[in-house]
file my_file-v2.pdb (PDB, C-alpha atoms)
ATOM      1  CA  LYS A1222       4.874   8.180  18.359  1.00  0.00           C
ATOM      2  CA  ALA A1223       3.894   4.529  18.068  1.00  0.00           C
ATOM      3  CA  GLY A1224       3.282   3.241  14.569  1.00  0.00           C
ATOM      4  CA  VAL A1225       0.367   1.237  13.233  1.00  0.00           C
ATOM      5  CA  THR A1226       0.014  -2.004  15.162  1.00  0.00           C
ATOM      6  CA  GLN A1227      -1.587  -5.097  13.704  1.00  0.00           C
ATOM      7  CA  THR A1228      -2.407  -8.253  15.631  1.00  0.00           C
ATOM      8  CA  PRO A1229      -1.890 -11.101  15.378  1.00  0.00           C
ATOM      9  CA  ARG A1230       1.179 -11.249  13.189  1.00  0.00           C
ATOM     10  CA  TYR A1231       0.451 -14.752  11.900  1.00  0.00           C
ATOM     11  CA  LEU A1232      -2.702 -16.845  11.703  1.00  0.00           C
ATOM     12  CA  ILE A1233      -3.404 -20.330  10.457  1.00  0.00           C
ATOM     13  CA  LYS A1234      -7.045 -21.227   9.890  1.00  0.00           C
ATOM     14  CA  THR A1235      -9.004 -23.997   8.231  1.00  0.00           C
ATOM     15  CA  ARG A1236     -11.392 -23.585   5.325  1.00  0.00           C
ATOM     16  CA  GLY A1237     -14.867 -22.622   6.506  1.00  0.00           C
ATOM     17  CA  GLN A1238     -13.705 -20.949   9.690  1.00  0.00           C
ATOM     18  CA  GLN A1239     -13.864 -17.244  10.341  1.00  0.00           C
ATOM     19  CA  VAL A1240     -11.137 -14.861  11.446  1.00  0.00           C
ATOM     20  CA  THR A1241     -10.851 -11.394  12.997  1.00  0.00           C
ATOM     21  CA  LEU A1242      -7.828  -9.159  12.489  1.00  0.00           C
ATOM     22  CA  SER A1243      -7.104  -6.073  14.543  1.00  0.00           C
ATOM     23  CA  CYS A1244      -5.469  -2.753  13.746  1.00  0.00           C
ATOM     24  CA  SER A1245      -4.522   0.134  16.030  1.00  0.00           C
ATOM     25  CA  PRO A1246      -3.757   3.292  14.052  1.00  0.00           C
ATOM     26  CA  ILE A1247      -1.286   6.011  14.888  1.00  0.00           C
ATOM     27  CA  SER A1248      -2.631   8.250  17.617  1.00  0.00           C
ATOM     28  CA  GLY A1249      -4.648  11.084  16.100  1.00  0.00           C
ATOM     29  CA  HIS A1250      -5.291   9.275  12.820  1.00  0.00           C
ATOM     30  CA  ARG A1251      -8.983   8.904  12.086  1.00  0.00           C
ATOM     31  CA  SER A1252      -8.855   7.027   8.788  1.00  0.00           C
ATOM     32  CA  VAL A1253      -8.040   3.314   8.615  1.00  0.00           C
ATOM     33  CA  SER A1254      -7.756   1.375   5.364  1.00  0.00           C
ATOM     34  CA  TRP A1255      -7.315  -2.337   4.773  1.00  0.00           C
ATOM     35  CA  TYR A1256      -5.491  -3.973   1.872  1.00  0.00           C
ATOM     36  CA  GLN A1257      -4.991  -7.572   0.829  1.00  0.00           C
ATOM     37  CA  GLN A1258      -1.547  -8.371  -0.580  1.00  0.00           C
ATOM     38  CA  THR A1259      -0.914 -11.501  -2.635  1.00  0.00           C
ATOM     39  CA  PRO A1260       1.924 -12.389  -5.033  1.00  0.00           C
ATOM     40  CA  GLY A1261      -0.444 -12.655  -7.981  1.00  0.00           C
ATOM     41  CA  GLN A1262      -2.755  -9.694  -7.445  1.00  0.00           C
ATOM     42  CA  GLY A1263      -0.486  -7.313  -5.566  1.00  0.00           C
ATOM     43  CA  LEU A1264      -2.193  -4.861  -3.219  1.00  0.00           C
ATOM     44  CA  GLN A1265      -5.956  -4.760  -3.432  1.00  0.00           C
ATOM     45  CA  PHE A1266      -8.086  -2.293  -1.502  1.00  0.00           C
ATOM     46  CA  LEU A1267     -10.651  -3.809   0.845  1.00  0.00           C
ATOM     47  CA  PHE A1268     -12.275  -0.869   2.650  1.00  0.00           C
ATOM     48  CA  GLU A1269     -11.665   2.390   4.457  1.00  0.00           C
ATOM     49  CA  TYR A1270     -13.195   3.636   7.674  1.00  0.00           C
ATOM     50  CA  PHE A1271     -13.352   7.184   8.958  1.00  0.00           C
ATOM     51  CA  SER A1272     -14.988   8.168  12.230  1.00  0.00           C
ATOM     52  CA  GLU A1273     -16.593   4.731  12.592  1.00  0.00           C
ATOM     53  CA  THR A1274     -18.192   4.873   9.119  1.00  0.00           C
ATOM     54  CA  GLN A1275     -17.223   2.853   6.086  1.00  0.00           C
ATOM     55  CA  ARG A1276     -16.385   5.476   3.511  1.00  0.00           C
ATOM     56  CA  ASN A1277     -14.990   3.379   0.667  1.00  0.00           C
ATOM     57  CA  LYS A1278     -15.242  -0.256  -0.279  1.00  0.00           C
ATOM     58  CA  GLY A1279     -13.278  -2.346  -2.727  1.00  0.00           C
ATOM     59  CA  ASN A1280     -14.480  -5.175  -4.898  1.00  0.00           C
ATOM     60  CA  PHE A1281     -14.509  -8.031  -2.410  1.00  0.00           C
ATOM     61  CA  PRO A1282     -17.349 -10.409  -1.500  1.00  0.00           C
ATOM     62  CA  GLY A1283     -19.543  -9.801   1.507  1.00  0.00           C
ATOM     63  CA  ARG A1284     -17.565 -12.388   3.506  1.00  0.00           C
ATOM     64  CA  PHE A1285     -15.114  -9.560   4.098  1.00  0.00           C
ATOM     65  CA  SER A1286     -16.334  -6.999   6.578  1.00  0.00           C
ATOM     66  CA  GLY A1287     -14.901  -4.476   8.948  1.00  0.00           C
ATOM     67  CA  ARG A1288     -15.659  -1.927  11.578  1.00  0.00           C
ATOM     68  CA  GLN A1289     -14.065   0.954  13.372  1.00  0.00           C
ATOM     69  CA  PHE A1290     -14.433   1.872  17.003  1.00  0.00           C
ATOM     70  CA  SER A1291     -14.689   5.290  18.615  1.00  0.00           C
ATOM     71  CA  ASN A1292     -10.957   5.227  19.442  1.00  0.00           C
ATOM     72  CA  SER A1293     -10.233   4.674  15.702  1.00  0.00           C
ATOM     73  CA  ARG A1294      -9.086   1.104  16.234  1.00  0.00           C
ATOM     74  CA  SER A1295     -10.366  -1.141  13.486  1.00  0.00           C
ATOM     75  CA  GLU A1296     -11.111  -4.810  12.952  1.00  0.00           C
ATOM     76  CA  MET A1297     -11.721  -6.787   9.825  1.00  0.00           C
ATOM     77  CA  ASN A1298     -13.520 -10.086   9.700  1.00  0.00           C
ATOM     78  CA  VAL A1299     -13.478 -12.788   7.082  1.00  0.00           C
ATOM     79  CA  SER A1300     -16.162 -15.454   7.351  1.00  0.00           C
ATOM     80  CA  THR A1301     -16.298 -18.866   5.686  1.00  0.00           C
ATOM     81  CA  LEU A1302     -12.620 -18.808   4.810  1.00  0.00           C
ATOM     82  CA  GLU A1303     -11.455 -20.084   1.440  1.00  0.00           C
ATOM     83  CA  LEU A1304      -7.988 -21.196   0.385  1.00  0.00           C
ATOM     84  CA  GLY A1305      -7.732 -18.109  -1.818  1.00  0.00           C
ATOM     85  CA  ASP A1306      -8.017 -15.869   1.231  1.00  0.00           C
ATOM     86  CA  SER A1307      -4.456 -16.759   2.185  1.00  0.00           C
ATOM     87  CA  ALA A1308      -2.617 -13.449   2.010  1.00  0.00           C
ATOM     88  CA  LEU A1309      -0.895 -10.690   3.896  1.00  0.00           C
ATOM     89  CA  TYR A1310      -3.511  -8.269   5.220  1.00  0.00           C
ATOM     90  CA  LEU A1311      -2.233  -4.759   5.665  1.00  0.00           C
ATOM     91  CA  CYS A1312      -3.800  -1.989   7.658  1.00  0.00           C
ATOM     92  CA  ALA A1313      -2.905   1.645   7.003  1.00  0.00           C
ATOM     93  CA  SER A1314      -3.861   4.797   8.817  1.00  0.00           C
ATOM     94  CA  SER A1315      -3.830   8.445   7.843  1.00  0.00           C
ATOM     95  CA  ILE A1316      -4.882  11.634   9.519  1.00  0.00           C
ATOM     96  CA  ASP A1317      -7.984  12.165   7.430  1.00  0.00           C
ATOM     97  CA  GLY A1318      -7.902   9.819   4.438  1.00  0.00           C
ATOM     98  CA  VAL A1319      -7.818  12.738   2.004  1.00  0.00           C
ATOM     99  CA  TYR A1320      -6.272  11.860  -1.352  1.00  0.00           C
ATOM    100  CA  ASN A1321      -2.771  13.247  -0.760  1.00  0.00           C
ATOM    101  CA  SER A1322      -2.441  12.320   2.921  1.00  0.00           C
ATOM    102  CA  PRO A1323       0.296   9.694   3.204  1.00  0.00           C
ATOM    103  CA  LEU A1324      -0.673   6.250   4.416  1.00  0.00           C
ATOM    104  CA  HIS A1325       1.189   4.700   7.339  1.00  0.00           C
ATOM    105  CA  PHE A1326       1.163   0.922   7.151  1.00  0.00           C
ATOM    106  CA  GLY A1327       1.413  -1.725   9.806  1.00  0.00           C
ATOM    107  CA  ASN A1328       3.561  -4.824   9.341  1.00  0.00           C
ATOM    108  CA  GLY A1329       0.549  -6.890   8.411  1.00  0.00           C
ATOM    109  CA  THR A1330      -1.141 -10.098   9.462  1.00  0.00           C
ATOM    110  CA  ARG A1331      -0.109 -13.164   7.488  1.00  0.00           C
ATOM    111  CA  LEU A1332      -3.180 -15.396   7.117  1.00  0.00           C
ATOM    112  CA  THR A1333      -2.794 -18.964   5.916  1.00  0.00           C
ATOM    113  CA  VAL A1334      -5.913 -20.971   5.144  1.00  0.00           C
ATOM    114  CA  THR A1335      -5.486 -24.749   4.940  1.00  0.00           C
TER
ATOM    115  CA  GLY B 665     -10.819   2.936 -13.945  1.00  0.00           C
ATOM    116  CA  ASP B 666      -7.516   4.260 -12.702  1.00  0.00           C
ATOM    117  CA  SER B 667      -4.522   1.963 -12.959  1.00  0.00           C
ATOM    118  CA  VAL B 668      -0.772   1.836 -12.434  1.00  0.00           C
ATOM    119  CA  THR B 669       1.686  -0.241 -14.449  1.00  0.00           C
ATOM    120  CA  GLN B 670       5.169  -0.951 -13.169  1.00  0.00           C
ATOM    121  CA  MET B 671       8.062  -2.706 -14.807  1.00  0.00           C
ATOM    122  CA  GLU B 672       8.203  -6.386 -13.973  1.00  0.00           C
ATOM    123  CA  GLY B 673      10.890  -7.530 -11.619  1.00  0.00           C
ATOM    124  CA  PRO B 674      12.935  -8.775 -10.107  1.00  0.00           C
ATOM    125  CA  VAL B 675      15.671  -6.256 -10.724  1.00  0.00           C
ATOM    126  CA  THR B 676      19.174  -7.216  -9.618  1.00  0.00           C
ATOM    127  CA  LEU B 677      21.907  -4.590  -9.474  1.00  0.00           C
ATOM    128  CA  SER B 678      25.403  -4.309  -8.118  1.00  0.00           C
ATOM    129  CA  GLU B 679      26.104  -1.803  -5.373  1.00  0.00           C
ATOM    130  CA  GLU B 680      26.611   1.766  -6.678  1.00  0.00           C
ATOM    131  CA  ALA B 681      24.738   1.033  -9.914  1.00  0.00           C
ATOM    132  CA  PHE B 682      22.102   3.416 -11.297  1.00  0.00           C
ATOM    133  CA  LEU B 683      18.486   2.452 -10.685  1.00  0.00           C
ATOM    134  CA  THR B 684      15.406   3.154 -12.759  1.00  0.00           C
ATOM    135  CA  ILE B 685      12.031   1.580 -12.059  1.00  0.00           C
ATOM    136  CA  ASN B 686       9.441   2.543 -14.640  1.00  0.00           C
ATOM    137  CA  CYS B 687       5.908   3.482 -13.687  1.00  0.00           C
ATOM    138  CA  THR B 688       3.095   4.669 -15.926  1.00  0.00           C
ATOM    139  CA  TYR B 689      -0.463   5.438 -14.978  1.00  0.00           C
ATOM    140  CA  THR B 690      -3.945   5.812 -16.362  1.00  0.00           C
ATOM    141  CA  ALA B 691      -6.271   8.256 -14.661  1.00  0.00           C
ATOM    142  CA  THR B 692      -9.259  10.341 -15.617  1.00  0.00           C
ATOM    143  CA  GLY B 693      -8.332  13.394 -13.580  1.00  0.00           C
ATOM    144  CA  TYR B 694      -5.175  14.866 -12.086  1.00  0.00           C
ATOM    145  CA  PRO B 695      -3.913  12.306  -9.622  1.00  0.00           C
ATOM    146  CA  SER B 696      -1.314  12.531  -6.905  1.00  0.00           C
ATOM    147  CA  LEU B 697       1.501  10.042  -7.405  1.00  0.00           C
ATOM    148  CA  PHE B 698       3.464   8.100  -4.802  1.00  0.00           C
ATOM    149  CA  TRP B 699       6.279   5.632  -4.402  1.00  0.00           C
ATOM    150  CA  TYR B 700       6.114   3.277  -1.432  1.00  0.00           C
ATOM    151  CA  VAL B 701       8.793   0.817  -0.337  1.00  0.00           C
ATOM    152  CA  GLN B 702       8.350  -2.472   1.500  1.00  0.00           C
ATOM    153  CA  TYR B 703      11.368  -3.958   3.285  1.00  0.00           C
ATOM    154  CA  PRO B 704      11.344  -7.682   4.094  1.00  0.00           C
ATOM    155  CA  GLY B 705       8.849  -8.581   6.802  1.00  0.00           C
ATOM    156  CA  GLU B 706       7.464  -5.071   7.070  1.00  0.00           C
ATOM    157  CA  GLY B 707       4.562  -2.985   5.856  1.00  0.00           C
ATOM    158  CA  LEU B 708       4.856  -0.281   3.219  1.00  0.00           C
ATOM    159  CA  GLN B 709       6.486   3.062   3.873  1.00  0.00           C
ATOM    160  CA  LEU B 710       6.012   6.233   1.881  1.00  0.00           C
ATOM    161  CA  LEU B 711       9.203   6.975  -0.028  1.00  0.00           C
ATOM    162  CA  LEU B 712       8.195  10.098  -1.960  1.00  0.00           C
ATOM    163  CA  LYS B 713       5.250  11.792  -3.587  1.00  0.00           C
ATOM    164  CA  ALA B 714       4.286  14.429  -6.151  1.00  0.00           C
ATOM    165  CA  THR B 715       0.931  16.118  -6.357  1.00  0.00           C
ATOM    166  CA  LYS B 716       1.039  18.008  -9.655  1.00  0.00           C
ATOM    167  CA  ALA B 717       2.650  17.918 -13.076  1.00  0.00           C
ATOM    168  CA  ASP B 718       6.408  18.580 -13.196  1.00  0.00           C
ATOM    169  CA  ASP B 719       6.734  18.192  -9.419  1.00  0.00           C
ATOM    170  CA  LYS B 720       9.767  16.204  -8.350  1.00  0.00           C
ATOM    171  CA  GLY B 721       9.537  14.082  -5.236  1.00  0.00           C
ATOM    172  CA  SER B 722      12.775  13.092  -3.530  1.00  0.00           C
ATOM    173  CA  ASN B 723      13.886  11.226  -0.428  1.00  0.00           C
ATOM    174  CA  LYS B 724      16.936   9.171   0.657  1.00  0.00           C
ATOM    175  CA  GLY B 725      18.619   9.727  -2.718  1.00  0.00           C
ATOM    176  CA  PHE B 726      15.574   8.535  -4.675  1.00  0.00           C
ATOM    177  CA  GLU B 727      13.801  10.868  -7.107  1.00  0.00           C
ATOM    178  CA  ALA B 728      10.740  10.747  -9.338  1.00  0.00           C
ATOM    179  CA  THR B 729       9.251  13.431 -11.584  1.00  0.00           C
ATOM    180  CA  TYR B 730       5.535  13.678 -12.371  1.00  0.00           C
ATOM    181  CA  ARG B 731       5.345  13.711 -16.173  1.00  0.00           C
ATOM    182  CA  LYS B 732       1.823  14.439 -17.326  1.00  0.00           C
ATOM    183  CA  GLU B 733       2.660  14.345 -21.024  1.00  0.00           C
ATOM    184  CA  THR B 734       3.937  10.760 -20.781  1.00  0.00           C
ATOM    185  CA  THR B 735       1.735   9.776 -17.777  1.00  0.00           C
ATOM    186  CA  SER B 736       4.828   8.524 -16.004  1.00  0.00           C
ATOM    187  CA  PHE B 737       6.468   8.673 -12.585  1.00  0.00           C
ATOM    188  CA  HIS B 738       9.712   6.728 -12.923  1.00  0.00           C
ATOM    189  CA  LEU B 739      11.793   6.119  -9.794  1.00  0.00           C
ATOM    190  CA  GLU B 740      15.542   6.765 -10.006  1.00  0.00           C
ATOM    191  CA  LYS B 741      18.561   6.579  -7.742  1.00  0.00           C
ATOM    192  CA  GLY B 742      22.082   7.375  -8.795  1.00  0.00           C
ATOM    193  CA  SER B 743      23.916   4.845  -6.619  1.00  0.00           C
ATOM    194  CA  VAL B 744      22.078   1.995  -4.933  1.00  0.00           C
ATOM    195  CA  GLN B 745      23.165   0.286  -1.720  1.00  0.00           C
ATOM    196  CA  VAL B 746      22.545  -3.213  -0.404  1.00  0.00           C
ATOM    197  CA  SER B 747      20.138  -1.666   2.121  1.00  0.00           C
ATOM    198  CA  ASP B 748      17.906  -0.508  -0.765  1.00  0.00           C
ATOM    199  CA  SER B 749      16.905  -4.118  -1.436  1.00  0.00           C
ATOM    200  CA  ALA B 750      13.121  -4.112  -1.101  1.00  0.00           C
ATOM    201  CA  VAL B 751       9.894  -4.113  -3.085  1.00  0.00           C
ATOM    202  CA  TYR B 752       8.915  -0.760  -4.588  1.00  0.00           C
ATOM    203  CA  PHE B 753       5.314   0.182  -5.314  1.00  0.00           C
ATOM    204  CA  CYS B 754       4.079   3.006  -7.494  1.00  0.00           C
ATOM    205  CA  ALA B 755       0.630   4.311  -6.557  1.00  0.00           C
ATOM    206  CA  LEU B 756      -1.848   6.991  -7.482  1.00  0.00           C
ATOM    207  CA  SER B 757      -4.706   8.742  -5.829  1.00  0.00           C
ATOM    208  CA  GLU B 758      -7.394  10.797  -7.498  1.00  0.00           C
ATOM    209  CA  GLY B 759      -6.689  14.484  -7.108  1.00  0.00           C
ATOM    210  CA  SER B 760      -9.602  15.186  -4.804  1.00  0.00           C
ATOM    211  CA  GLY B 761     -11.751  13.686  -2.102  1.00  0.00           C
ATOM    212  CA  ASN B 762     -10.880  10.511  -0.270  1.00  0.00           C
ATOM    213  CA  THR B 763     -10.647   7.842  -2.945  1.00  0.00           C
ATOM    214  CA  PRO B 764      -8.279   5.015  -2.038  1.00  0.00           C
ATOM    215  CA  LEU B 765      -4.785   4.568  -3.376  1.00  0.00           C
ATOM    216  CA  VAL B 766      -4.377   2.380  -6.453  1.00  0.00           C
ATOM    217  CA  PHE B 767      -1.117   0.436  -6.385  1.00  0.00           C
ATOM    218  CA  GLY B 768       1.029  -1.106  -9.049  1.00  0.00           C
ATOM    219  CA  LYS B 769       2.044  -4.735  -8.551  1.00  0.00           C
ATOM    220  CA  GLY B 770       5.441  -3.862  -7.154  1.00  0.00           C
ATOM    221  CA  THR B 771       9.009  -4.308  -8.359  1.00  0.00           C
ATOM    222  CA  ARG B 772      11.448  -6.342  -6.294  1.00  0.00           C
ATOM    223  CA  LEU B 773      14.955  -4.879  -6.190  1.00  0.00           C
ATOM    224  CA  SER B 774      17.969  -6.890  -5.043  1.00  0.00           C
ATOM    225  CA  VAL B 775      21.289  -5.113  -4.652  1.00  0.00           C
ATOM    226  CA  ILE B 776      24.384  -7.265  -4.352  1.00  0.00           C
ATOM    227  CA  ALA B 777      27.702  -6.191  -2.876  1.00  0.00           C
TER
END
call {"tool": "encode", "arguments": {"input": "my_file-v2.pdb", "output": "structure tokens"}}
result
Amino acid sequence: KAGVTQTPRYLIKTRGQQVTLSCSPISGHRSVSWYQQTPGQGLQFLFEYFSETQRNKGNFPGRFSGRQFSNSRSEMNVSTLELGDSALYLCASSIDGVYNSPLHFGNGTRLTVT
Amino acid sequence: GDSVTQMEGPVTLSEEAFLTINCTYTATGYPSLFWYVQYPGEGLQLLLKATKADDKGSNKGFEATYRKETTSFHLEKGSVQVSDSAVYFCALSEGSGNTPLVFGKGTRLSVIA
């Protein structure tokens, strides 16, 4: 079974630009979560989608948004990029997103904002 | 809100040494507890989990016991290998519904031959 696939692997953007990251979950998984990982803050939850609906949202500004398609693939978008948005963005899928369902992570997209 | 506190790293050990990474948590209910591991250049992988008090999770020689009285979930391994070098994350999830995982900040482990 293929794992969680995130594209692209690396991105370099300039302040003020916008960016879209993509995540393909494990086949059969309907829940997709996004996390931002930085050395200072660790892993911070962005949002979770289940059956095309945002079910949970973390404490991030509205510049961060996401969506999920009918095939469970998900995208996240960051508009008006800031230097502080430089991070590793991790996508994780699970069968149903229920509290004790293990998360399966992709290898992440490394975003650098200059 | 819920939170997880891990011991600060980095931790450097010689091969075959005993490993303990401390993890304590704060939660209002009865959370499930997890350890995830992140190898260089990769995403996180579930290492082990425990869903109720006194449960012991184990995998690949690693163990952790859910201690409700001390709100702890310390990770242990009797004899580490160079291949165990990674970042280890303790995490919790509320014991119901679909609330997201809350992660600790991670502990980097380096094992030298």
call {"tool": "resolve_selection", "arguments": {"input": "my_file-v2.pdb", "expression": "the PyMOL selection byres ((chain B and resi 742) around 7)", "output": "list of chain:residue names"}}
result
B:Ala681, B:Phe682, B:Leu683, B:Glu740, B:Lys741, B:Ser743, B:Val744
call {"tool": "write_last_selection", "arguments": {"input": "my_file-v2.pdb", "atoms": "C-alpha atoms", "output": "PDB file, in the frame of the given file"}}
result
ATOM      1  CA  ALA B 681      24.738   1.033  -9.914  1.00  0.00           C
ATOM      2  CA  PHE B 682      22.102   3.416 -11.297  1.00  0.00           C
ATOM      3  CA  LEU B 683      18.486   2.452 -10.685  1.00  0.00           C
ATOM      4  CA  GLU B 740      15.542   6.765 -10.006  1.00  0.00           C
ATOM      5  CA  LYS B 741      18.561   6.579  -7.742  1.00  0.00           C
ATOM      6  CA  SER B 743      23.916   4.845  -6.619  1.00  0.00           C
ATOM      7  CA  VAL B 744      22.078   1.995  -4.933  1.00  0.00           C
TER       8      VAL B 744
END
call {"tool": "atom_distance", "arguments": {"input": "my_file-v2.pdb", "atom1": "CA of Ser774 (chain B)", "atom2": "CA of Thr735 (chain B)"}}
result
26.5 Å
call {"tool": "resolve_selection", "arguments": {"input": "my_file-v2.pdb", "expression": "the PyMOL selection byres ((chain B and resi 753) around 8)", "output": "VMD selection string"}}
result
chain B and resid 670 699 to 702 751 to 752 754 to 755 767 to 771
call {"tool": "residues_around", "arguments": {"input": "my_file-v2.pdb", "residues": "Asn723 (chain B)", "least_positions_apart": "6", "cutoff": "10 Å", "atoms": "all atoms listed in the file", "output": "list in words"}}
result
Leu710, Leu711, Leu712, Lys713 and Lys741 of chain B
call {"tool": "interface_residues", "arguments": {"input": "my_file-v2.pdb", "of": "chain A", "to": "chain B", "cutoff": "12 Å", "atoms": "all atoms listed in the file", "output": "count of residues only"}}
result
54
call {"tool": "resolve_selection", "arguments": {"input": "my_file-v2.pdb", "expression": "the PyMOL selection byres ((chain A and resi 1286) around 7)", "output": "PDB file with C-alpha atoms, in the coordinates of the input"}}
result
ATOM      1  CA  GLY A1283     -19.543  -9.801   1.507  1.00  0.00           C
ATOM      2  CA  ARG A1284     -17.565 -12.388   3.506  1.00  0.00           C
ATOM      3  CA  PHE A1285     -15.114  -9.560   4.098  1.00  0.00           C
ATOM      4  CA  GLY A1287     -14.901  -4.476   8.948  1.00  0.00           C
ATOM      5  CA  MET A1297     -11.721  -6.787   9.825  1.00  0.00           C
ATOM      6  CA  ASN A1298     -13.520 -10.086   9.700  1.00  0.00           C
ATOM      7  CA  VAL A1299     -13.478 -12.788   7.082  1.00  0.00           C
TER       8      VAL A1299
END
call {"tool": "residues_around", "arguments": {"input": "my_file-v2.pdb", "residues": "Gln1239 (chain A)", "least_positions_apart": "6", "cutoff": "6 Å", "atoms": "only C-alpha atoms", "output": "PyMOL selection string"}}
result
chain A and resi 1299-1302
call {"tool": "atom_distance", "arguments": {"input": "my_file-v2.pdb", "atom1": "CA of Pro1282 (chain A)", "atom2": "CA of Gly1237 (chain A)"}}
result
14.8 Å
call {"tool": "atom_distance", "arguments": {"input": "my_file-v2.pdb", "atom1": "CA of Thr1333 (chain A)", "atom2": "CA of Arg1288 (chain A)"}}
result
22.1 Å
call {"tool": "closest_residue", "arguments": {"input": "my_file-v2.pdb", "among": "B:Gly721, B:Thr692, B:Thr734, B:Pro674", "to": "Ser749 (chain B)", "atoms": "all atoms listed in the file"}}
result
B:Pro674
call {"tool": "residues_around", "arguments": {"input": "my_file-v2.pdb", "residues": "Ser1307 (chain A)", "least_positions_apart": "3", "cutoff": "6 Å", "atoms": "all atoms listed in the file", "output": "number ranges by chain"}}
result
A: 1304, 1332-1334
call {"tool": "write_last_selection", "arguments": {"input": "my_file-v2.pdb", "atoms": "C-alpha atoms", "output": "PDB file, in the frame of the given file"}}
result
ATOM      1  CA  LEU A1304      -7.988 -21.196   0.385  1.00  0.00           C
ATOM      2  CA  LEU A1332      -3.180 -15.396   7.117  1.00  0.00           C
ATOM      3  CA  THR A1333      -2.794 -18.964   5.916  1.00  0.00           C
ATOM      4  CA  VAL A1334      -5.913 -20.971   5.144  1.00  0.00           C
TER       5      VAL A1334
END
call {"tool": "closest_residue", "arguments": {"input": "my_file-v2.pdb", "among": "B:Thr669, B:Val775, B:Tyr694, B:Glu733", "to": "Lys716 (chain B)", "atoms": "only C-alpha atoms"}}
result
B:Tyr694
